[in-house]
file entry-v3.cif (mmCIF, C-alpha atoms)
data_my_file
#
loop_
_atom_site.label_atom_id
_atom_site.label_comp_id
_atom_site.auth_asym_id
_atom_site.auth_seq_id
_atom_site.Cartn_x
_atom_site.Cartn_y
_atom_site.Cartn_z
CA MET A 26 21.02 -3.26 -6.25
CA GLY A 27 18.75 -0.24 -6.25
CA TRP A 28 15.26 0.56 -7.39
CA HIS A 29 14.35 3.17 -9.95
CA PRO A 30 10.83 4.41 -10.64
CA GLU A 31 11.29 3.20 -14.21
CA GLY A 32 10.57 -0.26 -12.80
CA LEU A 33 6.95 0.84 -12.52
CA GLY A 34 6.83 1.49 -16.25
CA PRO A 35 7.79 4.27 -18.68
CA VAL A 36 7.67 7.16 -16.21
CA ASP A 37 9.22 10.48 -17.17
CA ASP A 38 12.07 12.29 -15.44
CA ALA A 39 9.79 14.31 -13.17
CA ARG A 40 8.11 11.20 -11.82
CA ALA A 41 11.47 9.44 -11.43
CA ASP A 42 12.82 12.43 -9.52
CA PHE A 43 9.74 12.41 -7.29
CA GLY A 44 10.40 8.80 -6.36
CA ARG A 45 14.04 9.55 -5.58
CA VAL A 46 13.11 12.53 -3.41
CA LEU A 47 10.79 10.31 -1.36
CA ASP A 48 13.48 7.63 -1.14
CA ARG A 49 16.04 10.10 0.22
CA MET A 50 13.53 11.66 2.58
CA PHE A 51 12.48 8.37 4.19
CA SER A 52 16.03 7.00 4.14
CA ALA A 53 17.01 9.91 6.39
CA ALA A 54 14.22 9.04 8.85
CA ASP A 55 14.32 6.22 11.39
CA THR A 56 11.31 4.37 9.96
CA PRO A 57 11.91 1.05 11.83
CA SER A 58 11.60 2.87 15.17
CA ALA A 59 8.41 4.57 13.96
CA VAL A 60 6.98 1.22 12.85
CA ARG A 61 7.70 -0.39 16.21
CA ALA A 62 6.19 2.56 18.07
CA TRP A 63 3.08 2.40 15.88
CA ALA A 64 2.70 -1.30 16.68
CA ARG A 65 2.64 -0.34 20.39
CA GLY A 66 -0.07 2.25 19.75
CA GLU A 67 2.37 5.18 19.97
CA HIS A 68 1.53 7.26 16.92
CA GLY A 69 3.81 10.30 17.28
CA PRO A 70 6.78 9.10 15.17
CA GLY A 71 4.46 7.70 12.52
CA ARG A 72 2.54 10.96 12.31
CA ALA A 73 5.84 12.77 11.76
CA LEU A 74 6.50 10.53 8.74
CA TRP A 75 2.94 11.19 7.57
CA GLU A 76 3.56 14.95 7.72
CA ARG A 77 6.74 14.56 5.68
CA ALA A 78 4.83 12.63 3.03
CA ALA A 79 2.12 15.30 2.97
CA ARG A 80 4.66 18.10 2.55
CA ALA A 81 6.11 16.19 -0.40
CA GLY A 82 2.62 16.18 -1.97
CA VAL A 83 1.82 12.48 -1.66
CA PHE A 84 -1.79 12.83 -0.50
CA GLY A 85 -2.53 15.67 -2.89
CA LEU A 86 -1.97 13.26 -5.77
CA VAL A 87 -5.45 11.78 -5.35
CA VAL A 88 -7.28 14.94 -4.24
CA PRO A 89 -8.93 16.80 -7.16
CA GLU A 90 -7.69 20.28 -8.06
CA ALA A 91 -11.03 21.78 -6.99
CA TYR A 92 -10.15 20.79 -3.41
CA GLY A 93 -6.55 21.95 -3.41
CA GLY A 94 -4.89 18.81 -4.75
CA ALA A 95 -3.27 17.86 -8.04
CA GLY A 96 -5.13 14.67 -8.80
CA PRO A 97 -6.25 12.16 -9.33
CA LEU A 98 -2.84 11.05 -10.65
CA PRO A 99 -2.59 7.25 -10.43
CA VAL A 100 0.89 6.85 -11.94
CA GLU A 101 2.44 9.36 -9.54
CA THR A 102 0.49 7.79 -6.68
CA GLY A 103 1.93 4.41 -7.62
CA VAL A 104 5.47 5.81 -7.57
CA ALA A 105 4.82 7.28 -4.11
CA PHE A 106 3.34 4.10 -2.66
CA VAL A 107 6.21 1.97 -3.90
CA GLU A 108 8.47 4.19 -1.80
CA LEU A 109 6.10 4.15 1.17
CA GLY A 110 6.20 0.35 1.06
CA ARG A 111 9.91 0.22 0.48
CA HIS A 112 10.46 2.21 3.67
CA ALA A 113 7.63 0.49 5.62
CA VAL A 114 5.94 3.79 6.53
CA PRO A 115 3.09 2.91 8.95
CA GLY A 116 -0.48 4.17 9.05
CA PRO A 117 -3.70 3.95 7.01
CA LEU A 118 -2.01 5.26 3.88
CA VAL A 119 -3.99 3.10 1.47
CA GLU A 120 -7.24 3.74 3.30
CA THR A 121 -6.81 7.52 3.31
CA VAL A 122 -6.16 7.55 -0.43
CA ALA A 123 -9.09 5.21 -1.07
CA ALA A 124 -11.36 7.40 1.07
CA ALA A 125 -10.25 10.43 -0.95
CA ALA A 126 -11.03 8.57 -4.17
CA LEU A 127 -14.49 7.75 -2.82
CA LEU A 128 -15.18 11.33 -1.77
CA GLY A 129 -13.89 12.70 -5.06
CA ARG A 130 -16.13 10.35 -7.01
CA LEU A 131 -19.14 11.39 -4.91
CA ALA A 132 -18.36 15.04 -5.63
CA ARG A 133 -18.26 14.34 -9.37
CA SER A 134 -21.71 12.76 -9.00
CA GLY A 135 -23.09 15.88 -7.31
CA VAL A 136 -22.67 14.84 -3.64
CA ALA A 137 -20.11 17.45 -2.67
CA GLY A 138 -20.70 17.84 1.07
CA PRO A 139 -18.37 15.09 2.34
CA ALA A 140 -15.68 16.10 -0.18
CA GLU A 141 -15.80 19.72 0.96
CA ARG A 142 -15.40 18.54 4.52
CA TRP A 143 -12.49 16.14 4.13
CA LEU A 144 -10.57 16.41 0.85
CA ALA A 145 -8.61 19.61 1.52
CA PRO A 146 -7.44 18.38 4.96
CA VAL A 147 -6.46 15.03 3.44
CA GLY A 148 -4.36 16.71 0.77
CA ALA A 149 -2.64 18.89 3.37
CA GLY A 150 -1.89 15.89 5.57
CA GLU A 151 -4.15 17.22 8.32
CA ALA A 152 -6.71 14.40 8.12
CA MET A 153 -5.86 10.73 8.45
CA LEU A 154 -8.84 8.62 7.39
CA THR A 155 -9.56 4.93 7.45
CA LEU A 156 -12.17 3.10 5.47
CA ALA A 157 -14.34 -0.03 5.65
CA LEU A 158 -16.00 -1.17 2.42
CA PRO A 159 -18.24 -4.12 1.48
CA GLY A 160 -15.97 -6.95 0.39
CA GLY A 161 -12.96 -5.38 2.07
CA GLY A 162 -13.29 -7.33 5.31
CA PRO A 163 -14.94 -6.40 8.60
CA TYR A 164 -12.06 -4.37 9.98
CA ALA A 165 -10.81 -0.82 9.49
CA LEU A 166 -7.05 -0.30 9.56
CA ASP A 167 -5.59 1.93 12.29
CA ALA A 168 -8.97 3.21 13.43
CA ASP A 169 -7.36 4.18 16.74
CA ALA A 170 -5.10 6.65 14.94
CA ALA A 171 -7.46 8.00 12.26
CA HIS A 172 -9.34 11.27 12.58
CA ALA A 173 -12.43 9.57 11.15
CA VAL A 174 -13.60 6.06 10.29
CA LEU A 175 -15.66 6.08 7.10
CA ALA A 176 -17.78 3.00 6.44
CA VAL A 177 -20.09 1.91 3.64
CA SER A 178 -22.90 -0.35 4.85
CA GLY A 179 -25.60 -2.06 2.86
CA ASP A 180 -23.63 -1.19 -0.28
CA ASP A 181 -25.18 2.26 -0.56
CA VAL A 182 -24.90 4.15 2.74
CA LEU A 183 -21.75 6.08 3.62
CA ARG A 184 -21.42 7.07 7.22
CA ARG A 185 -18.86 8.33 9.64
CA ALA A 186 -18.77 5.44 12.07
CA ALA A 187 -19.55 6.05 15.71
CA GLY A 188 -16.10 4.99 16.86
CA HIS A 189 -14.51 1.56 16.71
CA GLY A 190 -14.09 -1.61 18.72
CA PRO A 191 -10.93 -2.96 20.35
CA VAL A 192 -7.75 -3.33 18.31
CA GLN A 193 -7.22 -6.86 16.96
CA PRO A 194 -3.87 -8.59 16.25
CA SER A 195 -2.61 -8.80 12.68
CA LEU A 196 0.07 -10.66 10.73
CA ASP A 197 1.84 -7.30 10.73
CA PRO A 198 1.88 -5.81 14.26
CA ALA A 199 1.99 -2.31 12.76
CA ARG A 200 -1.33 -2.94 10.97
CA ARG A 201 -3.80 -2.38 13.81
CA LEU A 202 -7.29 -3.61 12.96
CA ALA A 203 -10.61 -2.72 14.61
CA ARG A 204 -14.27 -3.09 13.69
CA ALA A 205 -16.15 0.09 12.83
CA ARG A 206 -19.08 0.56 15.19
CA GLU A 207 -22.61 0.65 13.84
CA GLY A 208 -24.42 3.95 13.60
CA GLY A 209 -22.90 7.35 13.26
CA GLU A 210 -23.46 10.30 10.96
CA VAL A 211 -24.82 9.45 7.49
CA LEU A 212 -22.78 11.32 4.89
CA ALA A 213 -24.42 10.05 1.67
CA ALA A 214 -26.76 7.34 0.45
CA GLY A 215 -27.97 5.82 -2.80
CA PRO A 216 -26.52 4.34 -6.01
CA THR A 217 -23.80 6.99 -6.19
CA VAL A 218 -22.34 5.59 -2.96
CA ARG A 219 -22.28 2.09 -4.43
CA GLU A 220 -20.41 3.30 -7.52
CA ALA A 221 -18.01 5.43 -5.49
CA ALA A 222 -17.30 2.57 -3.08
CA ALA A 223 -16.40 0.25 -5.97
CA TRP A 224 -14.08 2.91 -7.37
CA ALA A 225 -12.48 3.38 -3.95
CA GLY A 226 -11.97 -0.38 -3.69
CA ASP A 227 -10.00 -0.33 -6.94
CA TRP A 228 -7.81 2.49 -5.62
CA ALA A 229 -7.28 0.58 -2.38
CA ALA A 230 -6.19 -2.55 -4.26
CA PHE A 231 -3.94 -0.52 -6.56
CA THR A 232 -2.11 1.33 -3.80
CA THR A 233 -1.81 -1.90 -1.80
CA ALA A 234 -0.15 -3.47 -4.84
CA ALA A 235 2.28 -0.56 -5.14
CA GLN A 236 3.04 -0.74 -1.43
CA ALA A 237 3.66 -4.49 -1.71
CA LEU A 238 6.02 -3.98 -4.64
CA GLY A 239 8.05 -1.56 -2.52
CA VAL A 240 8.09 -4.04 0.36
CA GLY A 241 9.34 -6.78 -1.96
CA LEU A 242 12.07 -4.56 -3.36
CA ALA A 243 13.24 -3.65 0.13
CA LEU A 244 13.34 -7.32 1.14
CA LEU A 245 15.35 -8.23 -1.93
CA GLU A 246 17.79 -5.34 -1.46
CA ARG A 247 18.42 -6.29 2.16
CA THR A 248 18.79 -9.95 1.29
CA VAL A 249 21.28 -9.30 -1.50
CA ALA A 250 23.34 -7.12 0.84
CA TYR A 251 23.26 -9.84 3.51
CA ALA A 252 24.27 -12.55 1.01
CA LYS A 253 27.30 -10.47 0.01
CA ARG A 254 28.64 -10.12 3.54
CA ARG A 255 27.58 -13.43 5.16
CA THR A 256 30.25 -16.11 4.69
CA GLN A 257 30.29 -19.89 4.91
CA PHE A 258 33.32 -22.07 4.21
CA GLY A 259 35.30 -18.89 3.74
CA VAL A 260 33.19 -17.45 0.89
CA ALA A 261 30.14 -15.19 0.66
CA ILE A 262 26.91 -17.18 0.53
CA GLY A 263 25.84 -14.99 -2.37
CA SER A 264 28.34 -16.90 -4.51
CA PHE A 265 26.42 -20.17 -4.02
CA GLN A 266 24.40 -21.18 -7.05
CA ALA A 267 21.32 -22.09 -5.01
CA VAL A 268 21.27 -18.65 -3.36
CA LYS A 269 21.77 -16.91 -6.70
CA HIS A 270 18.81 -18.77 -8.18
CA ARG A 271 16.53 -17.86 -5.26
CA LEU A 272 17.46 -14.18 -5.51
CA ALA A 273 17.08 -14.19 -9.30
CA ASP A 274 13.60 -15.74 -9.04
CA ALA A 275 12.58 -13.08 -6.52
CA LEU A 276 13.90 -10.32 -8.78
CA ILE A 277 12.07 -11.68 -11.83
CA GLY A 278 8.78 -11.74 -9.94
CA LEU A 279 9.18 -8.12 -8.90
CA GLU A 280 10.29 -7.08 -12.39
CA PHE A 281 7.19 -8.65 -13.93
CA ALA A 282 4.89 -6.99 -11.40
CA GLY A 283 6.14 -3.47 -12.22
CA PRO A 284 4.64 -3.19 -15.74
CA LEU A 285 1.34 -4.67 -14.53
CA LEU A 286 1.21 -2.00 -11.83
CA HIS A 287 1.89 0.69 -14.41
CA GLY A 288 -0.85 -0.72 -16.64
CA ALA A 289 -3.27 -0.58 -13.73
CA ALA A 290 -2.32 3.05 -13.08
CA VAL A 291 -2.96 3.97 -16.71
CA ALA A 292 -6.31 2.16 -16.59
CA LEU A 293 -7.32 4.06 -13.44
CA ALA A 294 -6.35 7.31 -15.13
CA THR A 295 -9.12 6.75 -17.70
CA GLY A 296 -11.64 7.33 -14.91
CA PRO A 297 -14.70 5.48 -13.59
CA SER A 298 -16.27 5.24 -17.05
CA ARG A 299 -14.04 2.22 -17.75
CA ARG A 300 -14.10 0.83 -14.23
CA ALA A 301 -14.66 -2.81 -15.23
CA SER A 302 -11.50 -2.87 -17.34
CA ALA A 303 -9.53 -0.92 -14.74
CA SER A 304 -10.73 -3.21 -11.97
CA ALA A 305 -9.39 -6.28 -13.78
CA GLU A 306 -6.04 -4.61 -14.45
CA VAL A 307 -5.78 -3.58 -10.81
CA ALA A 308 -6.57 -7.15 -9.70
CA ALA A 309 -3.85 -8.54 -11.98
CA ALA A 310 -1.34 -6.03 -10.61
CA LYS A 311 -2.29 -6.74 -7.03
CA PHE A 312 -1.96 -10.48 -7.44
CA ALA A 313 1.42 -10.16 -9.18
CA ALA A 314 2.91 -7.56 -6.82
CA CYS A 315 1.72 -9.19 -3.62
CA ASP A 316 2.75 -12.65 -4.78
CA ALA A 317 6.20 -11.31 -5.74
CA ALA A 318 6.58 -9.58 -2.38
CA TYR A 319 5.54 -12.75 -0.56
CA ALA A 320 8.08 -14.76 -2.58
CA ALA A 321 10.75 -12.18 -1.74
CA ALA A 322 9.85 -12.57 1.94
CA ARG A 323 10.24 -16.35 1.75
CA THR A 324 13.59 -15.94 0.01
CA ALA A 325 14.72 -13.42 2.61
CA LEU A 326 13.89 -15.87 5.40
CA GLN A 327 15.63 -18.73 3.66
CA VAL A 328 18.82 -16.75 3.03
CA HIS A 329 18.95 -15.05 6.43
CA GLY A 330 18.10 -18.18 8.41
CA ALA A 331 16.85 -17.99 11.98
CA ILE A 332 17.83 -14.35 12.44
CA GLY A 333 15.14 -13.38 9.92
CA TYR A 334 12.43 -14.54 12.34
CA THR A 335 13.53 -12.37 15.27
CA ALA A 336 11.39 -9.32 16.04
CA GLU A 337 14.49 -7.31 16.95
CA TYR A 338 15.90 -7.67 13.44
CA ASP A 339 14.52 -4.98 11.09
CA LEU A 340 13.91 -7.48 8.29
CA SER A 341 10.94 -8.85 10.24
CA LEU A 342 9.08 -5.54 9.78
CA TRP A 343 9.00 -6.00 6.02
CA ILE A 344 8.33 -9.74 6.19
CA GLY A 345 5.23 -9.17 8.32
CA LYS A 346 4.01 -6.49 5.96
CA ALA A 347 4.47 -8.69 2.88
CA ARG A 348 2.35 -11.39 4.51
CA ALA A 349 -0.42 -8.98 5.55
CA LEU A 350 -0.64 -7.08 2.26
CA ARG A 351 -1.12 -10.32 0.34
CA SER A 352 -4.71 -10.59 1.58
CA ALA A 353 -5.49 -6.90 2.19
CA TRP A 354 -8.01 -5.41 -0.25
CA GLY A 355 -8.30 -8.60 -2.27
CA THR A 356 -7.00 -12.10 -1.59
CA PRO A 357 -5.03 -13.91 -4.31
CA ALA A 358 -8.07 -16.07 -5.08
CA GLU A 359 -10.35 -13.02 -5.37
CA CYS A 360 -7.89 -11.23 -7.66
CA ARG A 361 -7.51 -14.27 -9.93
CA ALA A 362 -11.27 -14.69 -10.11
CA LYS A 363 -11.73 -11.04 -11.11
CA VAL A 364 -9.13 -11.32 -13.88
CA LEU A 365 -10.66 -14.56 -15.15
CA GLN A 366 -14.16 -13.09 -15.18
CA ALA A 367 -12.96 -10.07 -17.16
CA SER A 368 -11.18 -12.28 -19.70
CA MET A 369 -14.33 -14.37 -20.24
CA LEU A 370 -16.34 -11.21 -20.95
CA HIS A 371 -13.98 -10.12 -23.70
#

call {"tool": "encode", "arguments": {"input": "entry-v3.cif", "output": "structure tokens"}}
result
Amino acid sequence: MGWHPEGLGPVDDARADFGRVLDRMFSAADTPSAVRAWARGEHGPGRALWERAARAGVFGLVVPEAYGGAGPLPVETGVAFVELGRHAVPGPLVETVAAAALLGRLARSGVAGPAERWLAPVGAGEAMLTLALPGGGPYALDADAAHAVLAVSGDDVLRRAAGHGPVQPSLDPARRLARAREGGEVLAAGPTVREAAAWAGDWAAFTTAAQALGVGLALLERTVAYAKRRTQFGVAIGSFQAVKHRLADALIGLEFAGPLLHGAAVALATGPSRRASASAEVAAAKFAACDAAYAAARTALQVHGAIGYTAEYDLSLWIGKARALRSAWGTPAECRAKVLQASMLH
């Protein structure tokens, strides 16, 4: 089986081609080795993948044209992040995009200084940022690799954190977490920061959902391939009815998540003026995509058996990521509550 960007929704040929270019580019790279190196704190191979993504225009998709980008383009960003997840590319990808969304929103509100400082380097792939927001948990992802740790404190103060604490373990060893230190340079303050932070949180949840969808698709692809070649009693296990049903259920979950992700992208494209509606659509997409990826991970483990648990087997890289993304930038309970609240208001 293969994935096509059309699974995200009714994308046109240019967007589909963009997804295929990224797929070919990362397929030619040794991403599992880069992921394992990143988990050890060795960032060189991961930075090389980051540079490839930047040259393909991934980070420019969220940077406004005034700062050298082409964005914000949520649908194209979703296509890109599905591929980034599918190939398990490491690094604070979501956080850099969310930080760019925050800075772009501040610039639109008249606070242009931070945007002028960071957005052009982000679009060119020269700046890797990480971000800590209220409600997003106490940790910043990959702070030890980022060029800057941006943090919003007290809901309305944006600062460049004065470094970070020690790296903490994660469900996914390649997701290295650290607390942003207090203090540091204040970049902006006031209600505009609160609004921009909420907007950035929606972008973080959206790109996490797209990443999770890609992870789920990769898990399903690898599991289908394994079921075709693994034999028991002289036949491929993929011919067993119980295995077929598990794989079909995983596929259906991923297929249902795709349109929700596309709907969230379209809602984000309307801009912050309809943030409440967009936020609910993003929450629905995140819950569906992350739940589908988690189900695909459980199916992958069940079909592969004990080998799926071993760290040496590449499948474990995607399984760990599916588990971690499920609670990143919005737990399932938080996403369901946001969707329910929005439905009660309408």

call {"tool": "closest_atom_pairs", "arguments": {"input": "entry-v3.cif", "of": "range 45-151 of chain A", "to": "range 299-323 of chain A", "cutoff": "12 Å", "atoms": "all atoms listed in the file", "output": "Markdown table"}}
result
| residue | atom | partner | partner_atom | distance |
| --- | --- | --- | --- | --- |
| A:Pro99 | CA | A:Val307 | CA | 11.3 |
| A:Gly103 | CA | A:Ala310 | CA | 11.3 |
| A:Val107 | CA | A:Ala314 | CA | 10.5 |
| A:Gly110 | CA | A:Ala318 | CA | 10.5 |
| A:Arg111 | CA | A:Ala318 | CA | 10.7 |

call {"tool": "closest_residue", "arguments": {"input": "entry-v3.cif", "among": "A:Pro115, A:Pro139, A:Gly190, A:Gly96", "to": "Gly296 in chain A", "atoms": "only C-alpha atoms"}}
result
A:Gly96

call {"tool": "residues_around", "arguments": {"input": "entry-v3.cif", "residues": "range 326-338 of chain A", "least_positions_apart": "6", "cutoff": "10 Å", "atoms": "only C-alpha atoms", "output": "list in words"}}
result
Pro57, Arg61, Leu244, Arg247, Thr248, Val249, Tyr251, Ala252, Arg255, Ile262, Gly263, Ala267, Val268, Arg271, Leu272, Ala320, Ile344 and Gly345 of chain A

call {"tool": "write_last_selection", "arguments": {"input": "entry-v3.cif", "atoms": "C-alpha atoms", "output": "compact mmCIF listing (two decimals), in the frame of the given file"}}
result
# COMPACT_ATOMS: atom_id res chain seq x y z
CA PRO A 57 11.91 1.05 11.83
CA ARG A 61 7.70 -0.39 16.21
CA LEU A 244 13.34 -7.32 1.14
CA ARG A 247 18.42 -6.29 2.16
CA THR A 248 18.79 -9.95 1.29
CA VAL A 249 21.28 -9.30 -1.50
CA TYR A 251 23.26 -9.84 3.51
CA ALA A 252 24.27 -12.55 1.01
CA ARG A 255 27.58 -13.43 5.16
CA ILE A 262 26.91 -17.18 0.53
CA GLY A 263 25.84 -14.99 -2.37
CA ALA A 267 21.32 -22.09 -5.01
CA VAL A 268 21.27 -18.65 -3.36
CA ARG A 271 16.53 -17.86 -5.26
CA LEU A 272 17.46 -14.18 -5.51
CA ALA A 320 8.08 -14.76 -2.58
CA ILE A 344 8.33 -9.74 6.19
CA GLY A 345 5.23 -9.17 8.32

call {"tool": "atom_distance", "arguments": {"input": "entry-v3.cif", "atom1": "CA of Leu175 in chain A", "atom2": "CA of Leu156 in chain A"}}
result
4.9 Å

call {"tool": "resolve_selection", "arguments": {"input": "entry-v3.cif", "expression": "the PyMOL selection byres ((chain A and resi 75) around 10)", "output": "ChimeraX atom specification"}}
result
/A:69-74,76-81,83-84,114-118,150-151,153

call {"tool": "write_last_selection", "arguments": {"input": "entry-v3.cif", "atoms": "C-alpha atoms", "output": "short mmCIF file (atom, residue, chain, number, x, y, z; two decimals), in the coordinates of the input"}}
result
data_model
loop_
_atom_site.label_atom_id
_atom_site.label_comp_id
_atom_site.auth_asym_id
_atom_site.auth_seq_id
_atom_site.Cartn_x
_atom_site.Cartn_y
_atom_site.Cartn_z
CA GLY A 69 3.81 10.30 17.28
CA PRO A 70 6.78 9.10 15.17
CA GLY A 71 4.46 7.70 12.52
CA ARG A 72 2.54 10.96 12.31
CA ALA A 73 5.84 12.77 11.76
CA LEU A 74 6.50 10.53 8.74
CA GLU A 76 3.56 14.95 7.72
CA ARG A 77 6.74 14.56 5.68
CA ALA A 78 4.83 12.63 3.03
CA ALA A 79 2.12 15.30 2.97
CA ARG A 80 4.66 18.10 2.55
CA ALA A 81 6.11 16.19 -0.40
CA VAL A 83 1.82 12.48 -1.66
CA PHE A 84 -1.79 12.83 -0.50
CA VAL A 114 5.94 3.79 6.53
CA PRO A 115 3.09 2.91 8.95
CA GLY A 116 -0.48 4.17 9.05
CA PRO A 117 -3.70 3.95 7.01
CA LEU A 118 -2.01 5.26 3.88
CA GLY A 150 -1.89 15.89 5.57
CA GLU A 151 -4.15 17.22 8.32
CA MET A 153 -5.86 10.73 8.45
#

call {"tool": "resolve_selection", "arguments": {"input": "entry-v3.cif", "expression": "the PyMOL selection byres ((chain A and resi 221) around 12)", "output": "PyMOL selection string"}}
result
chain A and resi 123-136+158-159+177+180-183+213-220+222-228+296-298+300

call {"tool": "resolve_selection", "arguments": {"input": "entry-v3.cif", "expression": "the PyMOL selection byres ((chain A and resi 192) around 6)", "output": "list of chain:residue names"}}
result
A:Pro191, A:Gln193, A:Leu202, A:Ala203

call {"tool": "atom_distance", "arguments": {"input": "entry-v3.cif", "atom1": "CA of Ala170 in chain A", "atom2": "CA of Gly138 in chain A"}}
result
23.7 Å

call {"tool": "atom_distance", "arguments": {"input": "entry-v3.cif", "atom1": "CA of His287 in chain A", "atom2": "CA of Gly239 in chain A"}}
result
13.6 Å

call {"tool": "build_atoms", "arguments": {"input": "entry-v3.cif", "residues": "range 251-266 of chain A", "atoms": "N, CA and C atoms", "output": "PDB file, in the frame of the given file"}}
result
ATOM      1  N   TYR A 251      22.885  -8.843   2.503  1.00  0.00           N
ATOM      2  CA  TYR A 251      23.260  -9.840   3.510  1.00  0.00           C
ATOM      3  C   TYR A 251      24.044 -10.992   2.865  1.00  0.00           C
ATOM      4  N   ALA A 252      23.604 -11.440   1.684  1.00  0.00           N
ATOM      5  CA  ALA A 252      24.270 -12.550   1.010  1.00  0.00           C
ATOM      6  C   ALA A 252      25.692 -12.186   0.597  1.00  0.00           C
ATOM      7  N   LYS A 253      25.950 -10.905   0.390  1.00  0.00           N
ATOM      8  CA  LYS A 253      27.300 -10.470   0.010  1.00  0.00           C
ATOM      9  C   LYS A 253      28.262 -10.467   1.198  1.00  0.00           C
ATOM     10  N   ARG A 254      27.742 -10.227   2.387  1.00  0.00           N
ATOM     11  CA  ARG A 254      28.640 -10.120   3.540  1.00  0.00           C
ATOM     12  C   ARG A 254      28.649 -11.373   4.430  1.00  0.00           C
ATOM     13  N   ARG A 255      27.632 -12.211   4.341  1.00  0.00           N
ATOM     14  CA  ARG A 255      27.580 -13.430   5.160  1.00  0.00           C
ATOM     15  C   ARG A 255      28.423 -14.503   4.500  1.00  0.00           C
ATOM     16  N   THR A 256      29.335 -15.120   5.255  1.00  0.00           N
ATOM     17  CA  THR A 256      30.250 -16.110   4.690  1.00  0.00           C
ATOM     18  C   THR A 256      30.015 -17.490   5.310  1.00  0.00           C
ATOM     19  N   GLN A 257      30.237 -18.499   4.487  1.00  0.00           N
ATOM     20  CA  GLN A 257      30.290 -19.890   4.910  1.00  0.00           C
ATOM     21  C   GLN A 257      31.419 -20.570   4.139  1.00  0.00           C
ATOM     22  N   PHE A 258      32.176 -21.393   4.838  1.00  0.00           N
ATOM     23  CA  PHE A 258      33.320 -22.070   4.210  1.00  0.00           C
ATOM     24  C   PHE A 258      34.291 -21.077   3.587  1.00  0.00           C
ATOM     25  N   GLY A 259      34.328 -19.873   4.184  1.00  0.00           N
ATOM     26  CA  GLY A 259      35.300 -18.890   3.740  1.00  0.00           C
ATOM     27  C   GLY A 259      34.884 -18.054   2.545  1.00  0.00           C
ATOM     28  N   VAL A 260      33.652 -18.234   2.047  1.00  0.00           N
ATOM     29  CA  VAL A 260      33.190 -17.450   0.890  1.00  0.00           C
ATOM     30  C   VAL A 260      31.816 -16.864   1.190  1.00  0.00           C
ATOM     31  N   ALA A 261      31.454 -15.795   0.486  1.00  0.00           N
ATOM     32  CA  ALA A 261      30.140 -15.190   0.660  1.00  0.00           C
ATOM     33  C   ALA A 261      29.060 -16.138   0.172  1.00  0.00           C
ATOM     34  N   ILE A 262      27.971 -16.260   0.937  1.00  0.00           N
ATOM     35  CA  ILE A 262      26.910 -17.180   0.530  1.00  0.00           C
ATOM     36  C   ILE A 262      26.245 -16.746  -0.762  1.00  0.00           C
ATOM     37  N   GLY A 263      26.396 -15.469  -1.113  1.00  0.00           N
ATOM     38  CA  GLY A 263      25.840 -14.990  -2.370  1.00  0.00           C
ATOM     39  C   GLY A 263      26.507 -15.596  -3.590  1.00  0.00           C
ATOM     40  N   SER A 264      27.659 -16.249  -3.395  1.00  0.00           N
ATOM     41  CA  SER A 264      28.340 -16.900  -4.510  1.00  0.00           C
ATOM     42  C   SER A 264      27.806 -18.306  -4.763  1.00  0.00           C
ATOM     43  N   PHE A 265      26.966 -18.830  -3.843  1.00  0.00           N
ATOM     44  CA  PHE A 265      26.420 -20.170  -4.020  1.00  0.00           C
ATOM     45  C   PHE A 265      25.321 -20.160  -5.085  1.00  0.00           C
ATOM     46  N   GLN A 266      25.342 -21.141  -5.939  1.00  0.00           N
ATOM     47  CA  GLN A 266      24.400 -21.180  -7.050  1.00  0.00           C
ATOM     48  C   GLN A 266      22.948 -21.221  -6.564  1.00  0.00           C
TER      49      GLN A 266
END
